[in-house]
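This is input.cif (mmCIF, C-alpha atoms).
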```cif
data_model
loop_
_atom_site.label_atom_id
_atom_site.label_comp_id
_atom_site.auth_asym_id
_atom_site.auth_seq_id
_atom_site.Cartn_x
_atom_site.Cartn_y
_atom_site.Cartn_z
CA MET A 1 0.00 0.00 0.00
CA GLN A 2 2.59 2.59 1.09
CA LYS A 3 4.85 1.62 -1.81
CA ALA A 4 2.06 2.30 -4.29
CA GLN A 5 1.37 5.72 -2.75
CA LYS A 6 5.05 6.68 -2.75
CA LEU A 7 5.43 5.56 -6.36
CA THR A 8 2.49 7.69 -7.47
CA LEU A 9 3.80 10.75 -5.66
CA ALA A 10 7.26 10.18 -7.15
CA VAL A 11 5.76 10.10 -10.64
CA LEU A 12 3.99 13.40 -9.99
CA ILE A 13 7.14 15.10 -8.71
CA GLN A 14 9.32 13.82 -11.55
CA ALA A 15 6.74 14.74 -14.16
CA ALA A 16 6.67 18.32 -12.88
CA LEU A 17 10.45 18.61 -13.26
CA ILE A 18 10.94 17.22 -16.76
CA SER A 19 10.18 18.87 -20.07
CA THR A 20 7.33 17.52 -22.15
CA VAL A 21 6.70 17.05 -25.83
CA TYR A 22 3.61 19.24 -25.87
CA ALA A 23 2.70 22.71 -24.59
CA SER A 24 2.30 23.09 -20.83
CA GLU A 25 -0.87 24.40 -19.24
CA GLN A 26 1.03 26.87 -17.08
CA SER A 27 2.89 28.43 -20.02
CA GLU A 28 -0.50 29.42 -21.45
CA ALA A 29 -1.75 31.07 -18.24
CA LYS A 30 -3.22 34.53 -18.88
CA GLY A 31 -3.41 35.66 -15.26
CA PHE A 32 -5.18 35.48 -11.91
CA VAL A 33 -8.09 37.68 -13.03
CA GLU A 34 -7.97 37.14 -16.78
CA ASP A 35 -8.71 33.39 -16.55
CA ALA A 36 -11.18 33.67 -13.65
CA GLU A 37 -14.63 32.07 -13.92
CA GLY A 38 -17.69 32.30 -11.73
CA THR A 39 -21.07 30.55 -11.89
CA VAL A 40 -24.15 30.14 -9.74
CA LEU A 41 -26.57 27.25 -10.17
CA PHE A 42 -30.12 27.86 -8.98
CA ARG A 43 -31.65 24.46 -8.21
CA THR A 44 -35.19 23.56 -7.21
CA GLY A 45 -35.40 19.95 -6.06
CA TYR A 46 -37.98 17.44 -4.86
CA ILE A 47 -37.62 13.81 -3.81
CA ASN A 48 -40.52 11.62 -2.71
CA ARG A 49 -40.12 8.03 -1.56
CA ASP A 50 -43.44 6.24 -1.17
CA LYS A 51 -42.63 3.30 1.12
CA LYS A 52 -44.94 0.35 0.59
CA ALA A 53 -44.37 -1.35 3.95
CA PRO A 54 -47.14 -0.16 6.30
CA ASP A 55 -44.76 0.30 9.25
CA VAL A 56 -42.17 2.36 7.32
CA LYS A 57 -42.48 6.14 6.99
CA ASP A 58 -42.50 7.78 3.60
CA GLN A 59 -39.69 10.23 2.79
CA SER A 60 -40.37 13.53 1.07
CA SER A 61 -38.26 16.68 0.70
CA ALA A 62 -38.36 19.88 -1.34
CA ALA A 63 -35.92 22.76 -1.28
CA GLN A 64 -34.39 25.67 -3.19
CA SER A 65 -30.62 26.15 -3.44
CA ALA A 66 -28.04 28.44 -4.98
CA ILE A 67 -24.70 26.71 -5.60
CA VAL A 68 -21.81 29.08 -6.21
CA LYS A 69 -18.50 28.15 -7.83
CA LEU A 70 -15.67 30.68 -8.17
CA GLU A 71 -12.32 29.87 -9.76
CA SER A 72 -9.45 32.28 -10.30
CA GLY A 73 -6.93 31.85 -13.06
CA PHE A 74 -3.26 31.13 -12.36
CA THR A 75 -0.67 33.85 -12.03
CA GLN A 76 1.93 33.85 -14.77
CA GLY A 77 5.43 32.47 -14.32
CA VAL A 78 7.10 29.11 -13.80
CA VAL A 79 4.81 28.49 -10.83
CA GLY A 80 1.24 29.77 -11.04
CA PHE A 81 -0.96 30.41 -8.00
CA GLY A 82 -4.70 30.78 -7.62
CA VAL A 83 -7.73 30.32 -5.38
CA ASN A 84 -11.11 28.58 -5.67
CA ALA A 85 -14.32 28.80 -3.65
CA VAL A 86 -17.44 26.65 -3.52
CA GLY A 87 -20.57 27.15 -1.46
CA ASP A 88 -24.31 26.82 -1.29
CA ALA A 89 -27.27 28.50 0.39
CA SER A 90 -30.63 26.77 0.65
CA PHE A 91 -34.08 26.91 2.19
CA LYS A 92 -36.69 24.20 2.46
CA LEU A 93 -40.05 24.28 0.72
CA GLY A 94 -42.83 23.04 2.98
CA ASN A 95 -42.52 21.28 6.35
CA ASN A 96 -40.34 18.33 5.29
CA LYS A 97 -41.20 16.59 8.56
CA ASN A 98 -40.53 13.14 7.08
CA ALA A 99 -37.24 14.00 5.37
CA GLY A 100 -34.59 11.32 5.53
CA ASN A 101 -33.23 11.07 2.01
CA GLY A 102 -30.06 13.16 2.13
CA MET A 103 -31.72 16.39 0.97
CA ILE A 104 -32.15 18.58 4.07
CA PRO A 105 -30.08 18.71 7.30
CA ARG A 106 -31.70 18.09 10.66
CA GLU A 107 -31.22 19.95 13.90
CA THR A 108 -29.64 17.88 16.66
CA GLY A 109 -32.18 16.34 19.02
CA LEU A 110 -32.31 13.95 21.98
CA ASN A 111 -32.59 10.17 21.88
CA GLY A 112 -34.56 7.98 24.28
CA ASP A 113 -31.84 8.24 26.94
CA GLY A 114 -31.87 12.03 26.85
CA GLU A 115 -28.56 12.16 24.98
CA LEU A 116 -27.79 14.14 21.85
CA ALA A 117 -28.68 12.13 18.76
CA LYS A 118 -27.90 12.89 15.13
CA GLY A 119 -30.98 13.31 12.97
CA ALA A 120 -33.46 13.35 15.87
CA GLY A 121 -34.49 16.99 15.50
CA ASP A 122 -36.54 19.00 13.06
CA THR A 123 -35.27 19.87 9.59
CA TYR A 124 -33.51 23.21 9.10
CA ASP A 125 -35.57 26.01 7.56
CA HIS A 126 -32.50 27.45 5.84
CA TRP A 127 -28.78 26.69 5.82
CA ALA A 128 -25.52 27.58 4.10
CA ARG A 129 -22.19 25.80 3.65
CA GLY A 130 -18.99 26.17 1.71
CA GLY A 131 -15.25 26.57 1.72
CA ALA A 132 -12.22 27.73 -0.23
CA SER A 133 -9.03 26.25 -1.60
CA VAL A 134 -5.63 27.42 -2.81
CA LYS A 135 -3.92 25.98 -5.85
CA ALA A 136 -0.55 25.97 -7.54
CA ARG A 137 0.53 24.79 -10.98
CA VAL A 138 3.89 23.85 -12.46
CA SER A 139 3.94 22.88 -16.13
CA ASN A 140 0.95 20.47 -16.43
CA THR A 141 0.75 19.53 -12.74
CA THR A 142 -1.76 21.19 -10.39
CA VAL A 143 -1.95 20.85 -6.61
CA GLU A 144 -5.07 22.07 -4.79
CA TYR A 145 -5.62 22.25 -1.02
CA GLY A 146 -8.93 23.00 0.67
CA THR A 147 -12.63 22.29 0.11
CA GLN A 148 -13.33 20.34 -3.08
CA VAL A 149 -16.01 18.39 -4.94
CA LEU A 150 -14.45 15.09 -6.03
CA ASP A 151 -15.10 12.97 -9.11
CA ILE A 152 -12.92 9.92 -8.41
CA PRO A 153 -14.42 6.41 -8.70
CA VAL A 154 -13.18 5.43 -5.21
CA LEU A 155 -13.91 8.80 -3.53
CA ALA A 156 -16.76 10.56 -5.31
CA SER A 157 -18.87 13.44 -4.01
CA ASN A 158 -22.60 12.90 -4.10
CA THR A 159 -24.05 15.45 -6.53
CA GLY A 160 -27.48 13.83 -6.80
CA ARG A 161 -29.13 15.82 -4.01
CA MET A 162 -29.77 19.55 -3.56
CA VAL A 163 -26.15 20.47 -2.90
CA PRO A 164 -22.85 18.61 -3.38
CA GLU A 165 -20.84 16.59 -0.90
CA TYR A 166 -17.60 18.36 0.09
CA PHE A 167 -14.17 16.95 0.94
CA THR A 168 -11.32 18.90 2.54
CA GLY A 169 -7.73 17.96 1.73
CA VAL A 170 -5.07 18.08 -0.95
CA LEU A 171 -5.22 16.67 -4.49
CA ALA A 172 -2.46 16.67 -7.10
CA THR A 173 -3.39 16.15 -10.75
CA SER A 174 -0.74 15.70 -13.46
CA HIS A 175 -0.97 15.67 -17.27
CA GLU A 176 2.76 15.72 -17.93
CA ILE A 177 2.58 12.73 -20.26
CA GLU A 178 0.25 13.17 -23.20
CA ASN A 179 -3.05 11.24 -22.86
CA LEU A 180 -2.15 10.24 -19.27
CA GLU A 181 -3.69 11.70 -16.11
CA VAL A 182 -2.16 10.78 -12.74
CA ILE A 183 -3.70 11.80 -9.39
CA ALA A 184 -2.74 11.50 -5.73
CA GLY A 185 -4.35 13.07 -2.69
CA LYS A 186 -5.18 12.99 1.00
CA PHE A 187 -8.43 14.15 2.59
CA THR A 188 -9.26 14.65 6.26
CA LYS A 189 -12.83 16.02 6.25
CA ASN A 190 -16.05 14.85 4.58
CA GLN A 191 -19.32 16.82 4.61
CA TYR A 192 -22.34 15.06 3.13
CA SER A 193 -25.08 16.96 1.28
CA ASP A 194 -27.44 17.18 4.27
CA GLN A 195 -24.81 18.04 6.90
CA ILE A 196 -23.93 21.39 8.45
CA ASN A 197 -20.82 20.03 10.18
CA THR A 198 -17.82 20.32 7.82
CA ASP A 199 -16.66 16.87 9.01
CA GLY A 200 -20.06 15.28 9.46
CA GLU A 201 -18.79 11.86 8.35
CA ASN A 202 -15.90 11.89 10.88
CA LEU A 203 -13.27 11.16 8.28
CA ASP A 204 -9.88 10.33 9.80
CA ARG A 205 -7.78 10.07 6.67
CA ALA A 206 -8.49 9.03 3.11
CA VAL A 207 -5.55 8.61 0.72
CA VAL A 208 -6.32 8.29 -3.00
CA TRP A 209 -4.17 7.62 -6.05
CA GLY A 210 -4.69 6.50 -9.61
CA ALA A 211 -4.31 7.08 -13.31
CA LYS A 212 -6.27 6.97 -16.55
CA TYR A 213 -4.80 6.61 -20.01
CA LYS A 214 -6.25 7.24 -23.46
CA PHE A 215 -4.68 4.66 -25.77
CA SER A 216 -6.66 5.96 -28.75
CA ASP A 217 -9.92 7.69 -29.55
CA ALA A 218 -11.55 4.28 -29.14
CA LEU A 219 -9.77 2.76 -26.12
CA ASN A 220 -9.46 4.09 -22.55
CA ALA A 221 -8.39 2.44 -19.28
CA SER A 222 -8.07 3.55 -15.65
CA TYR A 223 -7.10 2.40 -12.17
CA TYR A 224 -7.75 4.11 -8.81
CA GLY A 225 -7.06 3.17 -5.20
CA LEU A 226 -8.28 4.34 -1.78
CA ASP A 227 -7.05 3.77 1.77
CA SER A 228 -9.62 5.09 4.27
CA LYS A 229 -7.99 4.78 7.69
CA ASN A 230 -9.58 2.17 9.97
CA LYS A 231 -12.37 1.72 7.41
CA LEU A 232 -11.41 0.09 4.13
CA GLU A 233 -8.97 -0.37 1.29
CA ARG A 234 -10.48 -0.20 -2.20
CA HIS A 235 -9.26 -0.64 -5.78
CA TYR A 236 -11.11 0.18 -9.01
CA VAL A 237 -10.36 -0.73 -12.64
CA ASN A 238 -12.10 0.20 -15.88
CA ALA A 239 -11.59 -0.44 -19.58
CA ASN A 240 -13.77 1.05 -22.32
CA TYR A 241 -13.64 0.39 -26.07
CA LYS A 242 -15.84 2.00 -28.74
CA GLN A 243 -16.13 0.20 -32.05
CA ALA A 244 -17.26 2.28 -35.01
CA LEU A 245 -19.85 0.66 -37.28
CA ALA A 246 -21.43 1.59 -40.60
CA ASN A 247 -23.87 4.51 -40.94
CA ASP A 248 -22.40 6.39 -37.94
CA SER A 249 -23.46 3.63 -35.57
CA SER A 250 -21.23 2.31 -32.80
CA LEU A 251 -20.87 -0.51 -30.29
CA THR A 252 -19.23 0.27 -26.94
CA TYR A 253 -17.82 -2.41 -24.61
CA ASP A 254 -17.17 -1.54 -20.97
CA PHE A 255 -15.68 -3.45 -18.04
CA SER A 256 -15.49 -2.04 -14.50
CA GLY A 257 -14.94 -3.49 -11.06
CA TYR A 258 -14.05 -2.89 -7.41
CA HIS A 259 -12.13 -4.93 -4.85
CA THR A 260 -12.70 -3.88 -1.23
CA GLU A 261 -11.14 -5.06 2.03
CA PHE A 262 -13.09 -3.80 5.06
CA ASP A 263 -11.46 -3.09 8.43
CA GLU A 264 -13.15 -4.22 11.64
CA GLN A 265 -14.34 -0.66 12.36
CA ALA A 266 -16.01 -0.32 8.96
CA ALA A 267 -19.78 -0.24 8.58
CA THR A 268 -21.53 -2.48 6.09
CA TYR A 269 -25.17 -3.24 5.44
CA SER A 270 -25.89 -5.70 8.27
CA SER A 271 -28.30 -7.64 6.09
CA THR A 272 -25.72 -8.41 3.44
CA ILE A 273 -22.79 -9.45 5.64
CA GLY A 274 -23.86 -13.07 5.49
CA ASN A 275 -22.24 -13.77 8.84
CA LYS A 276 -21.69 -11.92 12.12
CA ASP A 277 -17.89 -12.01 11.97
CA VAL A 278 -16.64 -8.44 11.35
CA SER A 279 -13.09 -9.59 10.61
CA GLY A 280 -11.93 -10.54 7.15
CA ARG A 281 -14.82 -8.91 5.29
CA SER A 282 -14.15 -8.42 1.59
CA ASN A 283 -16.11 -7.83 -1.60
CA ASN A 284 -15.49 -8.07 -5.33
CA ILE A 285 -18.03 -6.48 -7.63
CA TRP A 286 -17.64 -6.23 -11.38
CA ALA A 287 -19.78 -5.43 -14.39
CA ILE A 288 -19.66 -5.76 -18.15
CA SER A 289 -21.87 -3.89 -20.58
CA GLY A 290 -22.41 -3.48 -24.28
CA THR A 291 -24.04 -0.37 -25.76
CA TYR A 292 -25.32 -0.07 -29.31
CA ASN A 293 -25.95 3.42 -30.66
CA THR A 294 -27.53 4.30 -33.99
CA GLY A 295 -29.11 7.65 -34.74
CA ALA A 296 -31.49 8.61 -31.95
CA HIS A 297 -31.47 5.14 -30.38
CA ASN A 298 -29.17 3.84 -27.66
CA VAL A 299 -29.51 0.32 -26.21
CA MET A 300 -27.40 -1.11 -23.37
CA LEU A 301 -27.21 -4.61 -21.90
CA ALA A 302 -25.30 -5.08 -18.62
CA TYR A 303 -24.41 -7.87 -16.22
CA GLN A 304 -23.11 -7.23 -12.67
CA GLN A 305 -21.91 -9.68 -10.00
CA ASN A 306 -20.75 -9.66 -6.36
CA THR A 307 -18.47 -12.18 -4.66
CA GLY A 308 -16.90 -12.27 -1.20
CA ASN A 309 -18.48 -12.51 2.25
CA THR A 310 -20.30 -9.16 2.24
CA GLY A 311 -21.97 -6.87 -0.26
CA TYR A 312 -20.38 -3.80 -1.80
CA ASP A 313 -20.81 -0.78 0.48
CA TYR A 314 -19.94 2.89 0.14
CA GLY A 315 -20.72 6.17 1.86
CA GLN A 316 -20.99 4.75 5.37
CA ASN A 317 -17.19 4.74 5.66
CA ALA A 318 -16.52 8.35 4.59
CA ASP A 319 -15.57 7.09 1.14
CA GLY A 320 -17.91 9.23 -0.94
CA TYR A 321 -21.66 8.78 -1.32
CA GLN A 322 -21.40 8.40 -5.10
CA SER A 323 -18.46 5.98 -5.25
CA ILE A 324 -20.14 3.36 -7.39
CA TYR A 325 -19.17 3.77 -11.04
CA LEU A 326 -21.12 0.70 -12.21
CA PRO A 327 -23.99 0.38 -14.71
CA ASN A 328 -26.64 -1.27 -12.51
CA SER A 329 -27.03 1.71 -10.19
CA TYR A 330 -30.30 3.64 -9.93
CA LEU A 331 -32.37 3.78 -6.72
CA SER A 332 -30.93 0.37 -5.88
CA ASP A 333 -27.29 -0.35 -6.62
CA PHE A 334 -27.76 -4.15 -6.72
CA VAL A 335 -24.85 -4.68 -4.34
CA GLY A 336 -26.11 -7.49 -2.07
CA ASN A 337 -23.88 -10.28 -0.82
CA HIS A 338 -23.22 -12.63 -3.78
CA GLU A 339 -25.87 -10.82 -5.82
CA LYS A 340 -26.03 -11.15 -9.59
CA SER A 341 -27.99 -8.65 -11.67
CA ALA A 342 -28.83 -8.01 -15.31
CA GLN A 343 -30.07 -4.84 -16.99
CA VAL A 344 -31.58 -3.67 -20.25
CA GLN A 345 -31.61 0.10 -20.88
CA TYR A 346 -32.97 2.17 -23.76
CA THR A 347 -32.46 5.89 -24.45
CA TYR A 348 -34.14 7.96 -27.15
CA ASP A 349 -32.91 11.39 -28.30
CA PHE A 350 -35.86 13.50 -29.47
CA SER A 351 -33.63 15.71 -31.62
CA ALA A 352 -34.52 13.20 -34.32
CA MET A 353 -38.09 14.54 -33.99
CA ASN A 354 -36.93 18.17 -34.08
CA VAL A 355 -36.97 18.53 -30.29
CA PRO A 356 -33.26 18.97 -29.48
CA GLY A 357 -32.32 18.75 -25.81
CA LEU A 358 -35.06 16.25 -24.89
CA THR A 359 -34.13 12.66 -23.96
CA TRP A 360 -35.94 9.71 -22.43
CA THR A 361 -34.23 6.80 -20.67
CA THR A 362 -35.94 3.65 -19.48
CA ALA A 363 -34.32 0.64 -17.80
CA TYR A 364 -35.16 -2.58 -16.04
CA VAL A 365 -32.74 -4.31 -13.63
CA TYR A 366 -33.28 -7.72 -12.03
CA GLY A 367 -31.12 -9.01 -9.16
CA TRP A 368 -31.02 -12.53 -7.73
CA ASP A 369 -28.98 -15.02 -5.66
CA ILE A 370 -28.62 -12.60 -2.70
CA ASN A 371 -27.35 -14.03 0.61
CA VAL A 372 -29.17 -12.40 3.54
CA ALA A 373 -28.02 -12.82 7.14
CA GLY A 374 -30.43 -14.99 9.11
CA GLU A 375 -32.32 -16.14 6.01
CA THR A 376 -32.11 -19.49 4.23
CA GLY A 377 -33.92 -18.42 1.06
CA GLU A 378 -32.63 -16.53 -1.96
CA GLY A 379 -33.00 -12.75 -1.94
CA LYS A 380 -34.29 -11.08 -5.10
CA GLU A 381 -34.95 -7.49 -6.19
CA ASN A 382 -35.94 -5.57 -9.31
CA GLU A 383 -36.29 -1.96 -10.42
CA PHE A 384 -38.12 -0.27 -13.28
CA PHE A 385 -36.56 3.14 -14.02
CA ASN A 386 -37.65 6.04 -16.22
CA GLN A 387 -36.17 9.51 -16.69
CA VAL A 388 -37.09 12.42 -18.95
CA LYS A 389 -34.68 15.34 -19.23
CA TYR A 390 -34.93 18.55 -21.21
CA THR A 391 -32.10 21.07 -21.63
CA VAL A 392 -32.77 24.46 -23.23
CA GLN A 393 -30.55 24.77 -26.29
CA SER A 394 -30.57 28.53 -26.96
CA GLY A 395 -31.90 31.89 -25.85
CA PHE A 396 -31.79 33.61 -22.47
CA ALA A 397 -32.42 30.31 -20.62
CA LYS A 398 -29.74 28.35 -22.50
CA ASP A 399 -28.45 25.30 -20.53
CA ALA A 400 -31.33 25.40 -18.04
CA SER A 401 -32.63 21.85 -17.53
CA LEU A 402 -35.55 19.97 -16.05
CA ARG A 403 -35.09 16.34 -15.00
CA VAL A 404 -37.96 14.07 -13.93
CA ARG A 405 -37.05 10.60 -12.69
CA ASN A 406 -39.15 7.69 -11.42
CA SER A 407 -38.17 4.32 -9.92
CA ILE A 408 -40.45 1.44 -8.99
CA TYR A 409 -38.47 -0.89 -6.73
CA ARG A 410 -39.58 -4.26 -5.36
CA ALA A 411 -37.90 -7.05 -3.38
CA ASN A 412 -39.09 -10.52 -2.39
CA ASP A 413 -39.93 -11.43 1.23
CA VAL A 414 -36.37 -12.59 1.96
CA TYR A 415 -34.86 -9.23 0.96
CA GLU A 416 -37.76 -6.85 1.64
CA GLY A 417 -36.68 -5.83 5.15
CA ALA A 418 -32.97 -6.10 4.51
CA TYR A 419 -32.16 -3.22 2.16
CA ILE A 420 -34.31 -0.42 0.69
CA GLY A 421 -37.70 -2.05 0.98
CA ASP A 422 -40.47 -1.74 -1.61
CA THR A 423 -40.49 1.87 -2.77
CA ASN A 424 -41.93 4.12 -5.46
CA GLU A 425 -39.64 7.13 -5.89
CA TRP A 426 -39.96 10.43 -7.76
CA ARG A 427 -37.13 12.95 -8.24
CA LEU A 428 -37.63 16.35 -9.89
CA PHE A 429 -34.80 18.82 -10.38
CA LEU A 430 -34.93 22.18 -12.15
CA ASP A 431 -31.43 23.62 -12.75
CA ILE A 432 -30.83 27.18 -13.95
CA PRO A 433 -27.12 28.01 -14.37
CA VAL A 434 -25.99 31.65 -14.47
CA LYS A 435 -22.52 32.72 -15.55
CA LEU A 436 -21.20 35.50 -13.32
CA PHE A 437 -17.96 36.20 -15.20
#
```

Can you dump the structure from the file as structure tokens?
Amino acid sequence: MQKAQKLTLAVLIQAALISTVYASEQSEAKGFVEDAEGTVLFRTGYINRDKKAPDVKDQSSAAQSAIVKLESGFTQGVVGFGVNAVGDASFKLGNNKNAGNGMIPRETGLNGDGELAKGAGDTYDHWARGGASVKARVSNTTVEYGTQVLDIPVLASNTGRMVPEYFTGVLATSHEIENLEVIAGKFTKNQYSDQINTDGENLDRAVVWGAKYKFSDALNASYYGLDSKNKLERHYVNANYKQALANDSSLTYDFSGYHTEFDEQAATYSSTIGNKDVSGRSNNIWAISGTYNTGAHNVMLAYQQNTGNTGYDYGQNADGYQSIYLPNSYLSDFVGNHEKSAQVQYTYDFSAMNVPGLTWTTAYVYGWDINVAGETGEGKENEFFNQVKYTVQSGFAKDASLRVRNSIYRANDVYEGAYIGDTNEWRLFLDIPVKLF
């Protein structure tokens, strides 16, 4: 583990010191102010989870947010310096008394013993969060320290709620070798979307490293690793190949997978452990998919499988609430112990009917062969998913978008009380981006 981290850091340092065969990003810097960018995203969001079990409360939330992103350019010179800032301000719409879906933070309340308990209080009426970072760049290598939104397969910020999940730490990104991106970083704070506390997930230390390489316009591959102290060690691999066919059609093959070793202190879904022994828990989950695209039509078939003595788990161990870069992930992620799942997905682009910006996606996923602790039968689940999205293509509202998503999720009796439980879910998000400068 430590050898891999040291090797990655050594590559970054060496790459920053050697000359490259193509122009460097820093040599093209125009200045701190000249390259600055600022945007604000006004988002109206609603999530409703209609729980079908009579003894389980429904979950419903609605809110309005403004998400601000400010990025300076880099000063000119051999070493360029700059600053970034991210933040959000929100207020809830309605009472949201039954919120519990990661949308709106709760005030701290008291549990049955009269002690402070997370999530026991009422939802906030309004709240604001955010942070800043400093950055430096040499040649094609950038180092940023501070509050960040991450898009790394093993440590990904959840961006599927009202406001993004924030991490605090340092991340180095290098493009010194053409078509190769190398990253390494360390993070010490994790703030989920519905948390006011900047370290609401009590992150001790998360070290990440990895690389992705573009072999050609058709072939890409990547590897990433994560060591979350006292929680887990995780590795991710991906390979993607796009085969061009006649008449501008294409066939894309994709393979992705995770290997996770959980520490004794790590949390996992208790229903999918398969045994009560918290030592030696590990999971392998992998998926293959094939996607055929022709004109306005896009069809994908995918197969996903778990092995090991527990299901795949993420988010509960301060490892990013969106760290599942696999195809069979909608409301359910189909990550049960030993679970196998298959999916068929279809997307239609209405630009073929002279309605550019409008798309419809429908999918069905079926999961089986799930081992559930305390059960002798086979767990099964399925989900029917639909999403319609429209993005304004021109005019004063250009890039504004409306997304309406629905999932109908069901599980058999063996798995019903073990994971999500039978649920009908609606998600509606209206996004209006505004460029400040």

### Query
Mind telling me what the PyMOL selection byres ((chain A and resi 393-409) around 8) catches here, as a PyMOL selection string?
chain A and resi 330-332+356-357+381-392+410-411+421-433

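For range 183-196 of chain A, the set of protein, DNA and RNA residues having any atom at most 6 Å away, when counting all atoms listed in the file and skipping those fewer than 3 positions along the same chain, is Gly102, Met103, Ile104, Pro105, Val163, Pro164, Glu165, Tyr166, Phe167, Thr168, Gly169, Val170, Leu171, Ala172, Thr173, Asp199, Gly200, Glu201, Leu203, Asp204, Arg205, Ala206, Val207, Val208, Trp209 and Gly210 of chain A.
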
Within 12 Å of range 24-35 of chain A, which residues of range 124-146 of chain A come that close, and what is the closest atom pair and distance in Å for each? Count only C-alpha atoms and give it as CSV.
```
residue,atom,partner,partner_atom,distance
A:Lys135,CA,A:Phe32,CA,11.3
A:Ala136,CA,A:Gln26,CA,9.7
A:Arg137,CA,A:Gln26,CA,6.5
A:Val138,CA,A:Gln26,CA,6.2
A:Ser139,CA,A:Ser24,CA,5.0
A:Asn140,CA,A:Glu25,CA,5.2
A:Thr141,CA,A:Glu25,CA,8.3
A:Thr142,CA,A:Gln26,CA,9.2
```

### Message
Could you list, as a ChimeraX atom specification, every residue matched by the PyMOL selection byres ((chain A and resi 146) around 7) in this structure?
### Response
/A:132-134,144-145,147-148,168-170

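Atom pair CA of Val365 in chain A / CA of Arg49 in chain A has a distance of 18.8 Å (rounded to one decimal).
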
### Message
Show me, as an MDAnalysis selection string, the residues that have an atom within 8 Å of Thr307 in chain A when counting all atoms listed in the file, minus same-chain residues fewer than 4 positions from it.
### Response
chainID A and resid 283:285 311 337:339

Could you give me, as a PDB file with C-alpha atoms, in the frame of the given file, the residues that have an atom at most 10 Å away from the point (-15.3, 8.6, -13.9) in the coordinates of the file, using all atoms listed in the file?
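In the end it all went to result.pdb:
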```
ATOM      1  CA  ASP A 151     -15.100  12.970  -9.110  1.00  0.00           C
ATOM      2  CA  ILE A 152     -12.920   9.920  -8.410  1.00  0.00           C
ATOM      3  CA  PRO A 153     -14.420   6.410  -8.700  1.00  0.00           C
ATOM      4  CA  VAL A 154     -13.180   5.430  -5.210  1.00  0.00           C
ATOM      5  CA  ALA A 156     -16.760  10.560  -5.310  1.00  0.00           C
ATOM      6  CA  LYS A 212      -6.270   6.970 -16.550  1.00  0.00           C
ATOM      7  CA  SER A 222      -8.070   3.550 -15.650  1.00  0.00           C
ATOM      8  CA  ASN A 238     -12.100   0.200 -15.880  1.00  0.00           C
ATOM      9  CA  SER A 323     -18.460   5.980  -5.250  1.00  0.00           C
ATOM     10  CA  ILE A 324     -20.140   3.360  -7.390  1.00  0.00           C
ATOM     11  CA  TYR A 325     -19.170   3.770 -11.040  1.00  0.00           C
ATOM     12  CA  LEU A 326     -21.120   0.700 -12.210  1.00  0.00           C
TER      13      LEU A 326
END
```

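Here the question is which of A:Gly80, A:Gly417, A:Gly308, A:Gly295 gets nearest to Leu245 in chain A using only C-alpha atoms, and that residue is A:Gly295.
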
### Message
the PyMOL selection byres ((chain A and resi 265) around 10) - which residues does that actually catch in the file I just gave you? List them as a ChimeraX atom specification.
### Response
/A:229-232,262-264,266-268,278-279,317

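CA of Gln59 in chain A to CA of Ile420 in chain A spans 12.1 Å [interatomic distance, one decimal].
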
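Across the structure, CA of Lys435 in chain A and CA of Asn197 in chain A are spaced 28.7 Å apart.
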
### Task
List every protein, DNA or RNA residue that has at least one atom no more than 10 Å from (-25.0, 3.8, -31.1) in the file's coordinates, counting only C-alpha atoms, and write the result as a VMD selection string.
chain A and resid 242 to 245 247 to 252 291 to 300

### Query
Near Gln304 in chain A, counting all atoms listed in the file, which residues have an atom at most 8 Å away, once you skip same-chain residues fewer than 5 positions from it, shown as number ranges by chain?
A: 285-288, 327-328, 340-342

As AutoDock Vina command-line options, what would the box around range 232-250 of chain A look like: edges along x, y and z, 4 Å added on every side, centre and edge lengths in Å to one decimal?
```
--center_x -16.4 --center_y 2.8 --center_z -18.4 --size_x 22.9 --size_y 15.1 --size_z 53.1
```

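The shortest atom-to-atom distance to Ala62 in chain A, with all atoms listed in the file taken into account, belongs to A:Asp125 out of A:Asp88, A:Glu233, A:Asp125, A:Asp50.
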
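Residues in contact range of Ser60 in chain A, defined as at most 9 Å between all atoms listed in the file, with sequence neighbours fewer than 4 positions away removed, read Tyr46, Ile47, Asn48, Arg49, Asp50, Asn96, Lys97, Asn98, Ala99, Gly100 and Asn101 of chain A.
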
### Query
Using all atoms listed in the file, which of the listed residues (A:Ala53, A:Ala373, A:Leu226, A:Val68) sits closest to Ala318 in chain A?
A:Leu226
